[in-house]
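Visitor: Structure file run-v1.pdb (PDB, C-alpha atoms) right here:
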```pdb
ATOM      1  CA  MET A  28      -8.165 240.459 -40.060
ATOM      2  CA  ILE A  29      -9.119 244.113 -40.381
ATOM      3  CA  TYR A  30     -11.529 245.637 -37.923
ATOM      4  CA  MET A  31     -13.517 248.690 -38.960
ATOM      5  CA  SER A  32     -14.985 251.145 -36.535
ATOM      6  CA  ILE A  33     -18.565 252.257 -37.043
ATOM      7  CA  GLN A  34     -17.201 255.572 -38.231
ATOM      8  CA  ASP A  35     -15.025 253.804 -40.827
ATOM      9  CA  GLU A  36     -18.085 251.901 -41.939
ATOM     10  CA  VAL A  37     -20.050 255.134 -42.352
ATOM     11  CA  ASN A  38     -17.151 256.729 -44.243
ATOM     12  CA  THR A  39     -16.985 253.732 -46.582
ATOM     13  CA  HIS A  40     -20.710 253.964 -47.320
ATOM     14  CA  VAL A  41     -20.353 257.697 -47.942
ATOM     15  CA  ALA A  42     -17.457 257.065 -50.339
ATOM     16  CA  LEU A  43     -19.572 254.479 -52.175
ATOM     17  CA  GLY A  44     -22.494 256.879 -52.433
ATOM     18  CA  GLN A  45     -24.696 254.670 -50.253
ATOM     19  CA  LEU A  46     -24.938 257.363 -47.600
ATOM     20  CA  ILE A  47     -25.075 261.111 -48.095
ATOM     21  CA  LYS A  48     -24.178 263.723 -45.518
ATOM     22  CA  VAL A  49     -27.073 266.165 -45.340
ATOM     23  CA  ARG A  50     -26.160 269.809 -45.603
ATOM     24  CA  GLN A  51     -28.477 272.461 -44.263
ATOM     25  CA  SER A  52     -30.683 274.101 -46.866
ATOM     26  CA  PHE A  53     -30.316 277.434 -45.198
ATOM     27  CA  PRO A  54     -27.185 277.717 -43.046
ATOM     28  CA  LEU A  55     -26.499 280.956 -41.218
ATOM     29  CA  GLY A  56     -22.750 281.016 -41.030
ATOM     30  CA  VAL A  57     -22.509 278.961 -37.847
ATOM     31  CA  PRO A  58     -20.912 275.517 -37.664
ATOM     32  CA  ASP A  59     -23.205 272.486 -37.722
ATOM     33  CA  ARG A  60     -23.929 271.141 -34.260
ATOM     34  CA  ARG A  61     -24.854 267.663 -35.440
ATOM     35  CA  VAL A  62     -24.298 265.425 -38.428
ATOM     36  CA  ILE A  63     -26.890 263.352 -40.221
ATOM     37  CA  TYR A  64     -26.332 260.852 -43.034
ATOM     38  CA  VAL A  65     -29.190 259.513 -45.134
ATOM     39  CA  THR A  66     -29.621 257.057 -47.985
ATOM     40  CA  PRO A  67     -29.865 258.456 -51.540
ATOM     41  CA  ILE A  68     -33.574 257.562 -51.648
ATOM     42  CA  LEU A  69     -34.258 259.436 -48.432
ATOM     43  CA  MET A  70     -32.161 262.352 -49.677
ATOM     44  CA  SER A  71     -34.227 262.594 -52.838
ATOM     45  CA  LEU A  72     -37.363 262.845 -50.690
ATOM     46  CA  LEU A  73     -35.823 265.436 -48.386
ATOM     47  CA  ASP A  74     -34.397 267.627 -51.135
ATOM     48  CA  SER A  75     -36.470 270.254 -52.917
ATOM     49  CA  PRO A  76     -38.453 270.235 -55.126
ATOM     50  CA  TRP A  77     -40.572 268.176 -52.786
ATOM     51  CA  GLY A  78     -43.615 266.022 -53.404
ATOM     52  CA  ASN A  79     -43.340 265.570 -57.180
ATOM     53  CA  GLY A  80     -46.096 268.062 -57.875
ATOM     54  CA  ASP A  81     -48.404 266.817 -55.114
ATOM     55  CA  ILE A  82     -49.004 269.760 -52.807
ATOM     56  CA  LYS A  83     -49.866 267.559 -49.816
ATOM     57  CA  TRP A  84     -46.546 265.738 -50.038
ATOM     58  CA  GLU A  85     -44.693 268.928 -50.837
ATOM     59  CA  LYS A  86     -45.881 270.313 -47.525
ATOM     60  CA  ARG A  87     -45.084 267.129 -45.614
ATOM     61  CA  TRP A  88     -41.574 266.664 -46.966
ATOM     62  CA  SER A  89     -40.650 270.362 -46.772
ATOM     63  CA  ARG A  90     -41.548 270.275 -43.069
ATOM     64  CA  ALA A  91     -39.623 267.038 -42.606
ATOM     65  CA  ARG A  92     -36.620 268.664 -44.273
ATOM     66  CA  TRP A  93     -36.883 271.582 -41.889
ATOM     67  CA  GLN A  94     -36.738 269.184 -38.957
ATOM     68  CA  VAL A  95     -33.645 267.505 -40.352
ATOM     69  CA  ASP A  96     -32.047 270.923 -40.857
ATOM     70  CA  GLU A  97     -33.043 271.850 -37.327
ATOM     71  CA  PHE A  98     -31.391 268.694 -36.015
ATOM     72  CA  ILE A  99     -28.151 269.767 -37.716
ATOM     73  CA  ASP A 100     -28.447 273.384 -36.703
ATOM     74  CA  GLY A 101     -29.368 272.846 -33.058
ATOM     75  CA  LEU A 102     -32.663 272.724 -31.198
ATOM     76  CA  PRO A 103     -33.934 274.971 -28.376
ATOM     77  CA  GLY A 104     -31.158 275.402 -25.844
ATOM     78  CA  ASP A 105     -29.309 272.828 -27.958
ATOM     79  CA  ARG A 106     -31.434 270.088 -26.414
ATOM     80  CA  ILE A 107     -33.302 267.326 -28.202
ATOM     81  CA  MET A 108     -36.666 266.585 -26.633
ATOM     82  CA  VAL A 109     -37.179 262.833 -26.434
ATOM     83  CA  ARG A 110     -40.210 260.810 -25.429
ATOM     84  CA  SER A 111     -40.165 259.619 -21.836
ATOM     85  CA  ALA A 112     -41.895 256.291 -22.527
ATOM     86  CA  PRO A 113     -42.570 254.227 -25.648
ATOM     87  CA  ARG A 114     -45.871 254.980 -27.413
ATOM     88  CA  LYS A 115     -46.646 257.814 -25.004
ATOM     89  CA  LYS A 116     -48.472 260.629 -26.741
ATOM     90  CA  SER A 117     -45.963 263.398 -27.080
ATOM     91  CA  THR A 118     -44.812 266.330 -29.169
ATOM     92  CA  CYS A 119     -41.144 265.492 -28.687
ATOM     93  CA  PHE A 120     -38.613 265.650 -31.497
ATOM     94  CA  MET A 121     -37.182 262.138 -31.254
ATOM     95  CA  SER A 122     -38.006 258.846 -29.664
ATOM     96  CA  LEU A 123     -36.218 255.582 -29.017
ATOM     97  CA  LEU A 124     -38.309 252.719 -30.382
ATOM     98  CA  ASP A 125     -39.587 250.025 -28.042
ATOM     99  CA  SER A 126     -36.659 247.692 -28.015
ATOM    100  CA  GLU A 127     -33.800 249.627 -26.438
ATOM    101  CA  ASN A 128     -31.324 246.942 -27.460
ATOM    102  CA  ASP A 129     -31.926 247.726 -31.121
ATOM    103  CA  ASP A 130     -31.036 251.372 -30.573
ATOM    104  CA  ILE A 131     -33.360 252.486 -33.338
ATOM    105  CA  TRP A 132     -34.572 256.055 -33.100
ATOM    106  CA  GLU A 133     -37.267 257.931 -34.925
ATOM    107  CA  ILE A 134     -37.249 261.588 -35.862
ATOM    108  CA  ARG A 135     -40.879 262.498 -35.381
ATOM    109  CA  CYS A 136     -42.068 264.892 -38.051
ATOM    110  CA  GLN A 137     -45.555 265.451 -36.677
ATOM    111  CA  ASP A 138     -46.593 268.536 -38.555
ATOM    112  CA  PRO A 139     -48.644 268.519 -40.743
ATOM    113  CA  LYS A 140     -50.674 265.569 -39.527
ATOM    114  CA  PRO A 141     -50.432 262.632 -39.905
ATOM    115  CA  GLY A 142     -46.705 263.273 -40.181
ATOM    116  CA  ILE A 143     -43.642 261.308 -41.214
ATOM    117  CA  ARG A 144     -41.263 259.189 -39.178
ATOM    118  CA  ILE A 145     -37.577 258.976 -40.113
ATOM    119  CA  PHE A 146     -35.789 255.944 -38.657
ATOM    120  CA  GLY A 147     -32.107 255.828 -37.826
ATOM    121  CA  SER A 148     -29.407 255.226 -35.239
ATOM    122  CA  PHE A 149     -26.702 257.257 -33.589
ATOM    123  CA  VAL A 150     -23.212 256.149 -34.573
ATOM    124  CA  LYS A 151     -21.802 258.442 -31.938
ATOM    125  CA  GLN A 152     -22.877 261.503 -30.027
ATOM    126  CA  ASP A 153     -24.550 264.010 -32.341
ATOM    127  CA  GLU A 154     -23.984 261.837 -35.404
ATOM    128  CA  PHE A 155     -27.061 260.128 -36.803
ATOM    129  CA  VAL A 156     -27.579 257.760 -39.722
ATOM    130  CA  ALA A 157     -31.136 257.673 -41.108
ATOM    131  CA  LEU A 158     -31.980 254.756 -43.369
ATOM    132  CA  THR A 159     -35.743 254.626 -43.791
ATOM    133  CA  ALA A 160     -38.844 256.768 -43.452
ATOM    134  CA  LEU A 161     -42.547 256.097 -43.408
ATOM    135  CA  PRO A 162     -45.691 258.223 -43.417
ATOM    136  CA  HIS A 163     -47.284 257.963 -40.003
ATOM    137  CA  GLU A 164     -50.551 256.683 -41.477
ATOM    138  CA  CYS A 165     -48.620 253.509 -42.348
ATOM    139  CA  LEU A 166     -47.805 253.025 -38.656
ATOM    140  CA  SER A 167     -51.217 252.625 -37.114
ATOM    141  CA  SER A 168     -50.803 249.251 -35.430
ATOM    142  CA  GLU A 169     -48.213 247.360 -33.412
ATOM    143  CA  GLU A 170     -47.758 245.116 -36.423
ATOM    144  CA  ASP A 171     -46.938 248.109 -38.615
ATOM    145  CA  TRP A 172     -44.299 249.269 -36.131
ATOM    146  CA  ASN A 173     -42.752 245.812 -35.954
ATOM    147  CA  ARG A 174     -42.661 245.656 -39.747
ATOM    148  CA  ALA A 175     -41.033 249.100 -39.905
ATOM    149  CA  THR A 176     -38.415 248.057 -37.357
ATOM    150  CA  GLN A 177     -37.739 244.867 -39.296
ATOM    151  CA  GLN A 178     -37.482 246.773 -42.554
ATOM    152  CA  TYR A 179     -35.019 249.139 -40.930
ATOM    153  CA  LYS A 180     -32.837 246.276 -39.702
ATOM    154  CA  GLU A 181     -32.738 244.710 -43.162
TER     155      GLU A 181
ATOM    156  CA  MET B  26     -19.814 282.950 -49.735
ATOM    157  CA  THR B  27     -22.724 280.820 -50.880
ATOM    158  CA  THR B  28     -22.309 277.354 -52.334
ATOM    159  CA  LEU B  29     -24.136 276.034 -55.384
ATOM    160  CA  HIS B  30     -26.303 273.884 -53.090
ATOM    161  CA  GLU B  31     -27.428 276.890 -51.063
ATOM    162  CA  GLN B  32     -27.904 279.038 -54.163
ATOM    163  CA  SER B  33     -30.156 276.447 -55.758
ATOM    164  CA  PHE B  34     -32.330 276.283 -52.641
ATOM    165  CA  LEU B  35     -32.668 280.044 -52.675
ATOM    166  CA  THR B  36     -32.870 280.640 -56.426
ATOM    167  CA  GLU B  37     -36.465 281.831 -56.531
ATOM    168  CA  ILE B  38     -36.070 283.935 -53.404
ATOM    169  CA  LEU B  39     -32.898 285.690 -54.516
ATOM    170  CA  GLU B  40     -34.086 286.184 -58.086
ATOM    171  CA  GLY B  41     -37.532 287.518 -57.187
ATOM    172  CA  LYS B  42     -39.347 284.603 -58.871
ATOM    173  CA  PRO B  43     -42.537 282.951 -57.593
ATOM    174  CA  ILE B  44     -41.567 280.894 -54.533
ATOM    175  CA  PRO B  45     -42.731 277.251 -54.587
ATOM    176  CA  PHE B  46     -45.275 276.292 -51.943
ATOM    177  CA  GLY B  47     -42.870 273.819 -50.321
ATOM    178  CA  LYS B  48     -40.277 276.503 -49.728
ATOM    179  CA  LEU B  49     -42.890 278.823 -48.242
ATOM    180  CA  GLU B  50     -43.801 275.938 -45.932
ATOM    181  CA  TYR B  51     -40.147 275.394 -45.091
ATOM    182  CA  PHE B  52     -39.694 279.041 -44.068
ATOM    183  CA  ARG B  53     -42.988 279.051 -42.145
ATOM    184  CA  ALA B  54     -41.772 276.066 -40.140
ATOM    185  CA  ARG B  55     -38.427 277.777 -39.693
ATOM    186  CA  LEU B  56     -39.926 280.999 -38.324
ATOM    187  CA  ARG B  57     -42.243 279.104 -36.003
ATOM    188  CA  SER B  58     -39.351 277.034 -34.767
ATOM    189  CA  ARG B  59     -37.207 280.081 -34.091
ATOM    190  CA  LEU B  60     -40.004 281.705 -32.113
ATOM    191  CA  HIS B  61     -40.361 278.436 -30.219
ATOM    192  CA  GLN B  62     -36.631 278.430 -29.487
ATOM    193  CA  LEU B  63     -36.904 281.989 -28.246
ATOM    194  CA  VAL B  64     -39.824 281.245 -25.902
ATOM    195  CA  VAL B  65     -38.269 278.044 -24.553
ATOM    196  CA  SER B  66     -34.931 279.750 -23.941
ATOM    197  CA  VAL B  67     -36.671 282.570 -22.032
ATOM    198  CA  TRP B  68     -38.648 280.026 -20.003
ATOM    199  CA  MET B  69     -35.544 278.002 -19.182
ATOM    200  CA  ARG B  70     -33.807 281.102 -17.878
ATOM    201  CA  GLN B  71     -36.713 281.743 -15.514
ATOM    202  CA  GLU B  72     -35.973 278.940 -13.116
ATOM    203  CA  THR B  73     -38.882 279.578 -10.760
ATOM    204  CA  VAL B  74     -41.618 279.571 -13.414
ATOM    205  CA  THR B  75     -43.339 276.210 -13.913
ATOM    206  CA  GLN B  76     -45.608 275.122 -16.724
ATOM    207  CA  ALA B  77     -48.456 275.263 -14.221
ATOM    208  CA  ASP B  78     -47.643 278.931 -13.596
ATOM    209  CA  LEU B  79     -47.807 279.688 -17.305
ATOM    210  CA  ALA B  80     -51.038 277.722 -17.663
ATOM    211  CA  ARG B  81     -52.697 279.625 -14.849
ATOM    212  CA  ARG B  82     -51.568 282.998 -16.186
ATOM    213  CA  ILE B  83     -53.044 282.523 -19.641
ATOM    214  CA  GLY B  84     -56.010 280.374 -18.668
ATOM    215  CA  ARG B  85     -54.879 277.164 -20.358
ATOM    216  CA  LYS B  86     -54.493 273.634 -19.048
ATOM    217  CA  PRO B  87     -50.958 272.617 -17.954
ATOM    218  CA  GLU B  88     -50.943 269.802 -20.513
ATOM    219  CA  VAL B  89     -51.567 272.353 -23.263
ATOM    220  CA  ILE B  90     -48.577 274.384 -22.076
ATOM    221  CA  ASN B  91     -46.532 271.194 -21.960
ATOM    222  CA  ARG B  92     -47.453 270.488 -25.569
ATOM    223  CA  LEU B  93     -46.775 274.062 -26.689
ATOM    224  CA  LEU B  94     -43.342 274.154 -25.071
ATOM    225  CA  GLY B  95     -42.513 270.723 -26.464
ATOM    226  CA  ALA B  96     -42.934 271.606 -30.128
ATOM    227  CA  PRO B  97     -44.199 274.553 -32.181
ATOM    228  CA  GLY B  98     -46.382 272.402 -34.473
ATOM    229  CA  ASN B  99     -49.639 274.294 -34.044
ATOM    230  CA  TRP B 100     -48.377 277.634 -32.817
ATOM    231  CA  THR B 101     -50.082 280.809 -33.967
ATOM    232  CA  LEU B 102     -49.038 284.413 -33.425
ATOM    233  CA  TYR B 103     -51.502 284.445 -30.519
ATOM    234  CA  THR B 104     -49.620 281.521 -28.947
ATOM    235  CA  VAL B 105     -46.348 283.427 -29.143
ATOM    236  CA  SER B 106     -47.914 286.543 -27.696
ATOM    237  CA  ASP B 107     -49.629 284.687 -24.836
ATOM    238  CA  LEU B 108     -46.512 282.769 -23.837
ATOM    239  CA  LEU B 109     -44.247 285.820 -23.972
ATOM    240  CA  VAL B 110     -46.653 287.833 -21.848
ATOM    241  CA  ALA B 111     -47.003 284.928 -19.414
ATOM    242  CA  LEU B 112     -43.215 284.915 -19.120
ATOM    243  CA  GLY B 113     -43.259 288.648 -18.468
ATOM    244  CA  VAL B 114     -41.331 289.589 -21.604
ATOM    245  CA  ASP B 115     -42.045 291.121 -24.996
ATOM    246  CA  LEU B 116     -40.294 291.318 -28.355
ATOM    247  CA  ASP B 117     -38.174 294.439 -28.417
ATOM    248  CA  LYS B 118     -37.542 295.958 -31.851
ATOM    249  CA  PRO B 119     -37.344 292.670 -33.787
ATOM    250  CA  SER B 120     -35.243 293.182 -36.898
ATOM    251  CA  VAL B 121     -34.926 291.544 -40.290
ATOM    252  CA  THR B 122     -31.921 290.888 -42.537
ATOM    253  CA  PRO B 123     -31.874 290.215 -46.301
ATOM    254  CA  ILE B 124     -31.421 286.497 -46.882
ATOM    255  CA  ALA B 125     -28.537 287.196 -49.267
ATOM    256  CA  GLU B 126     -26.681 288.948 -46.445
ATOM    257  CA  LEU B 127     -27.223 286.054 -44.058
ATOM    258  CA  PHE B 128     -25.402 283.822 -46.520
ATOM    259  CA  SER B 129     -22.469 286.122 -46.937
ATOM    260  CA  ARG B 130     -21.620 285.925 -43.241
ATOM    261  CA  PRO B 131     -18.369 284.106 -42.505
ATOM    262  CA  THR B 132     -18.696 280.979 -40.398
ATOM    263  CA  GLN B 133     -18.355 281.845 -36.740
ATOM    264  CA  PRO B 134     -18.358 279.414 -33.818
ATOM    265  CA  VAL B 135     -21.239 279.971 -31.423
ATOM    266  CA  PRO B 136     -21.138 278.717 -27.821
ATOM    267  CA  LEU B 137     -23.657 275.966 -27.131
ATOM    268  CA  GLY B 138     -26.998 277.215 -25.895
ATOM    269  CA  ASN B 139     -26.234 280.747 -27.025
ATOM    270  CA  GLN B 140     -27.895 280.937 -30.397
ATOM    271  CA  THR B 141     -28.350 284.507 -31.457
ATOM    272  CA  ASN B 142     -30.735 285.757 -34.056
ATOM    273  CA  ALA B 143     -32.772 288.785 -34.821
ATOM    274  CA  LEU B 144     -35.707 287.464 -32.830
ATOM    275  CA  ASN B 145     -33.655 286.836 -29.752
ATOM    276  CA  THR B 146     -34.232 290.325 -28.468
ATOM    277  CA  VAL B 147     -36.754 290.408 -25.679
ATOM    278  CA  ALA B 148     -37.635 293.060 -23.188
ATOM    279  CA  ARG B 149     -38.919 292.340 -19.721
ATOM    280  CA  LEU B 150     -42.308 293.842 -19.010
ATOM    281  CA  PRO B 151     -42.276 296.174 -16.021
ATOM    282  CA  VAL B 152     -44.559 294.155 -13.746
ATOM    283  CA  TYR B 153     -43.643 290.533 -13.260
ATOM    284  CA  GLN B 154     -43.714 288.530 -10.085
ATOM    285  CA  PRO B 155     -43.575 284.719 -10.217
ATOM    286  CA  ILE B 156     -46.378 283.388  -8.050
ATOM    287  CA  PRO B 157     -45.690 280.228  -6.019
ATOM    288  CA  THR B 158     -48.182 277.576  -6.975
ATOM    289  CA  GLY B 159     -47.634 274.909  -4.370
ATOM    290  CA  VAL B 160     -46.271 271.413  -4.354
ATOM    291  CA  GLY B 161     -48.608 270.093  -7.046
ATOM    292  CA  ALA B 162     -47.414 272.506  -9.705
ATOM    293  CA  ALA B 163     -44.163 270.795 -10.550
ATOM    294  CA  ALA B 164     -45.899 267.450 -10.851
ATOM    295  CA  ASN B 165     -47.775 268.731 -13.895
ATOM    296  CA  ALA B 166     -44.580 269.159 -15.846
ATOM    297  CA  SER B 167     -43.683 266.354 -18.229
ATOM    298  CA  PRO B 168     -40.240 264.809 -17.686
ATOM    299  CA  GLU B 169     -39.543 265.557 -21.337
ATOM    300  CA  ILE B 170     -39.357 269.270 -20.886
ATOM    301  CA  SER B 171     -39.519 269.856 -17.169
ATOM    302  CA  LYS B 172     -36.783 272.011 -15.757
TER     303      LYS B 172
END
```
Write the structure described by the file as structure tokens, please.

Guide:
Amino acid sequence: MIYMSIQDEVNTHVALGQLIKVRQSFPLGVPDRRVIYVTPILMSLLDSPWGNGDIKWEKRWSRARWQVDEFIDGLPGDRIMVRSAPRKKSTCFMSLLDSENDDIWEIRCQDPKPGIRIFGSFVKQDEFVALTALPHECLSSEEDWNRATQQYKE
Amino acid sequence: MTTLHEQSFLTEILEGKPIPFGKLEYFRARLRSRLHQLVVSVWMRQETVTQADLARRIGRKPEVINRLLGAPGNWTLYTVSDLLVALGVDLDKPSVTPIAELFSRPTQPVPLGNQTNALNTVARLPVYQPIPTGVGAAANASPEISK
């Protein structure tokens, strides 16, 4: 029997093209502080040109891309602001979803409103795998959040 | 040395072509974020200054300061100015660098928490005395960004 570590699993998915390591759009000659992998679909949304000609979505996804780049590059004082309690109104960068056992995190792209949420998990410190994303207007009820969590798990 | 990926992101900028709206938005968010990083790093170095102190100095509610320090989403130039003055500092000869030059820099390791950039130059204003605000002040700070 062969056991694979989570890292091996990620590497396998990268080799198969099922995950893509995001590279900063605008690096400044400093090493990346964090790593983020995304699915090809998510990558196509995060890569320019954004929004497929729709200026509203161009703005939303360009801002989301900046946040992903910022995650890689390092945040203020190299800290990630996280929400102190589930569903608490907050401007923080990331939040752990309700069920801590699931270890599902959201990157909270809040600007411009209503924003976008990118869902993923940490495979190790400073290494994040993002699998799904949803516009925040699709997450208005508890039911919506449960559906998003379920969709992420699948 | 720039890679093809980076060159394609910067094509319009480097070639003087019209810049797509999304890229303008990207760089707007980037500048705002860097100013936010600058303000937060100054605030974190000033260990005695609470969010309540900043709120009182610029006539805003502590929860507004909490939100502003948490993320730069709705920052304006006035926000930057107000927060810097409240912290007793000012931008000192901010400089700019051609984007093409930024890309030609060799990769250099940077110690954690010591990000340098052109905007990271601040000068302390001559008159600045932190004012104690009592026991209640610290309670106004959110655990997310309290010091």

Visitor: If we count all atoms listed in the file, what is near segment 98-103 of chain B at a cut-off of 8 Å, once residues fewer than 3 positions away on the same chain are taken out, given as a PyMOL selection string?

Guide: (chain A and resi 137-139) or (chain B and resi 57+93+106-107)

Visitor: Could you tell me, as a ChimeraX atom specification, exactly which residues end up selected when the PyMOL selection byres ((chain A and resi 144) around 10) is applied to this structure?

Guide: /A:91,121,132-137,141-143,145-147,159-166

Visitor: Excluding Leu60 of chain B and residues on its chain fewer than 3 positions from it, collect all residues at most 8 Å away from it, counting only C-alpha atoms, and give them as a short mmCIF file (atom, residue, chain, number, x, y, z; two decimals) with C-alpha atoms, keeping the file's coordinate frame.

Guide:
```
data_model
loop_
_atom_site.label_atom_id
_atom_site.label_comp_id
_atom_site.auth_asym_id
_atom_site.auth_seq_id
_atom_site.Cartn_x
_atom_site.Cartn_y
_atom_site.Cartn_z
CA LEU B 56 -39.93 281.00 -38.32
CA ARG B 57 -42.24 279.10 -36.00
CA LEU B 63 -36.90 281.99 -28.25
CA VAL B 64 -39.82 281.24 -25.90
CA VAL B 105 -46.35 283.43 -29.14
CA LEU B 144 -35.71 287.46 -32.83
#
```

Visitor: Measuring atom to atom with all atoms listed in the file, identify which of A:Asp81, A:Glu154, A:Ser75, A:Thr118 is nearest to Ile99 of chain A.

Guide: A:Glu154

Visitor: Using only C-alpha atoms, determine which residues of chain A fall within 9 Å of chain B; present them as a ChimeraX atom specification.

Guide: /A:50-58,60,75-78,82,84-94,97,101-106,108-111,117-120,137-139

Visitor: Using C-alpha atoms, can you write the selected residues to a file as a short mmCIF file (atom, residue, chain, number, x, y, z; two decimals), in the frame of the given file?

Guide:
```
data_model
loop_
_atom_site.label_atom_id
_atom_site.label_comp_id
_atom_site.auth_asym_id
_atom_site.auth_seq_id
_atom_site.Cartn_x
_atom_site.Cartn_y
_atom_site.Cartn_z
CA ARG A 50 -26.16 269.81 -45.60
CA GLN A 51 -28.48 272.46 -44.26
CA SER A 52 -30.68 274.10 -46.87
CA PHE A 53 -30.32 277.43 -45.20
CA PRO A 54 -27.18 277.72 -43.05
CA LEU A 55 -26.50 280.96 -41.22
CA GLY A 56 -22.75 281.02 -41.03
CA VAL A 57 -22.51 278.96 -37.85
CA PRO A 58 -20.91 275.52 -37.66
CA ARG A 60 -23.93 271.14 -34.26
CA SER A 75 -36.47 270.25 -52.92
CA PRO A 76 -38.45 270.24 -55.13
CA TRP A 77 -40.57 268.18 -52.79
CA GLY A 78 -43.62 266.02 -53.40
CA ILE A 82 -49.00 269.76 -52.81
CA TRP A 84 -46.55 265.74 -50.04
CA GLU A 85 -44.69 268.93 -50.84
CA LYS A 86 -45.88 270.31 -47.52
CA ARG A 87 -45.08 267.13 -45.61
CA TRP A 88 -41.57 266.66 -46.97
CA SER A 89 -40.65 270.36 -46.77
CA ARG A 90 -41.55 270.27 -43.07
CA ALA A 91 -39.62 267.04 -42.61
CA ARG A 92 -36.62 268.66 -44.27
CA TRP A 93 -36.88 271.58 -41.89
CA GLN A 94 -36.74 269.18 -38.96
CA GLU A 97 -33.04 271.85 -37.33
CA GLY A 101 -29.37 272.85 -33.06
CA LEU A 102 -32.66 272.72 -31.20
CA PRO A 103 -33.93 274.97 -28.38
CA GLY A 104 -31.16 275.40 -25.84
CA ASP A 105 -29.31 272.83 -27.96
CA ARG A 106 -31.43 270.09 -26.41
CA MET A 108 -36.67 266.58 -26.63
CA VAL A 109 -37.18 262.83 -26.43
CA ARG A 110 -40.21 260.81 -25.43
CA SER A 111 -40.16 259.62 -21.84
CA SER A 117 -45.96 263.40 -27.08
CA THR A 118 -44.81 266.33 -29.17
CA CYS A 119 -41.14 265.49 -28.69
CA PHE A 120 -38.61 265.65 -31.50
CA GLN A 137 -45.56 265.45 -36.68
CA ASP A 138 -46.59 268.54 -38.56
CA PRO A 139 -48.64 268.52 -40.74
#
```

Visitor: Distance atom CA of Arg61 of chain A-atom CA of Phe98 of chain A, one decimal place?

Guide: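 Straight-line distance from atom CA of Arg61 of chain A to atom CA of Phe98 of chain A works out to 6.6 Å.
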
Visitor: Using only C-alpha atoms, find the one residue out of A:Ser167, A:Ile131, A:Asp59, A:Phe155 that sits nearest to Ile47 of chain A.

Guide: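 Using only C-alpha atoms, Ile47 of chain A sits closest to A:Phe155.
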
Visitor: Atom CA of Ala77 of chain B to atom CA of Lys140 of chain A: how many Å, to one decimal?

Guide: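 Taking atom CA of Ala77 of chain B and atom CA of Lys140 of chain A, their separation equals 27.2 Å.
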
Visitor: List the residues selected by the PyMOL selection byres ((chain B and resi 79) around 10) in the file shown, writing them as a list in words.

Guide: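 On this input, the PyMOL selection byres ((chain B and resi 79) around 10) captures Trp68, Val74, Thr75, Gln76, Ala77, Asp78, Ala80, Arg81, Arg82, Ile83, Gly84, Arg85, Lys86, Pro87, Ile90, Asn91, Asp107, Leu108, Leu109, Val110, Ala111, Leu112 and Pro155 of chain B.
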
Visitor: Quick check on the file I pasted: which residues fall under the PyMOL selection byres ((chain A and resi 177) around 12)? Write them as a JSON list (two decimals) with C-alpha atoms, keeping the file's coordinate frame.

Guide:
```
[["chain", "number", "residue", "atom", "x", "y", "z"],
["A", 124, "LEU", "CA", -38.31, 252.72, -30.38],
["A", 126, "SER", "CA", -36.66, 247.69, -28.02],
["A", 129, "ASP", "CA", -31.93, 247.73, -31.12],
["A", 131, "ILE", "CA", -33.36, 252.49, -33.34],
["A", 146, "PHE", "CA", -35.79, 255.94, -38.66],
["A", 159, "THR", "CA", -35.74, 254.63, -43.79],
["A", 170, "GLU", "CA", -47.76, 245.12, -36.42],
["A", 171, "ASP", "CA", -46.94, 248.11, -38.62],
["A", 172, "TRP", "CA", -44.30, 249.27, -36.13],
["A", 173, "ASN", "CA", -42.75, 245.81, -35.95],
["A", 174, "ARG", "CA", -42.66, 245.66, -39.75],
["A", 175, "ALA", "CA", -41.03, 249.10, -39.90],
["A", 176, "THR", "CA", -38.42, 248.06, -37.36],
["A", 178, "GLN", "CA", -37.48, 246.77, -42.55],
["A", 179, "TYR", "CA", -35.02, 249.14, -40.93],
["A", 180, "LYS", "CA", -32.84, 246.28, -39.70],
["A", 181, "GLU", "CA", -32.74, 244.71, -43.16]]
```

Visitor: Please report the interatomic distance between atom CA of Glu169 of chain A and atom CA of Met70 of chain A in Å with one decimal.

Guide: 27.3 Å
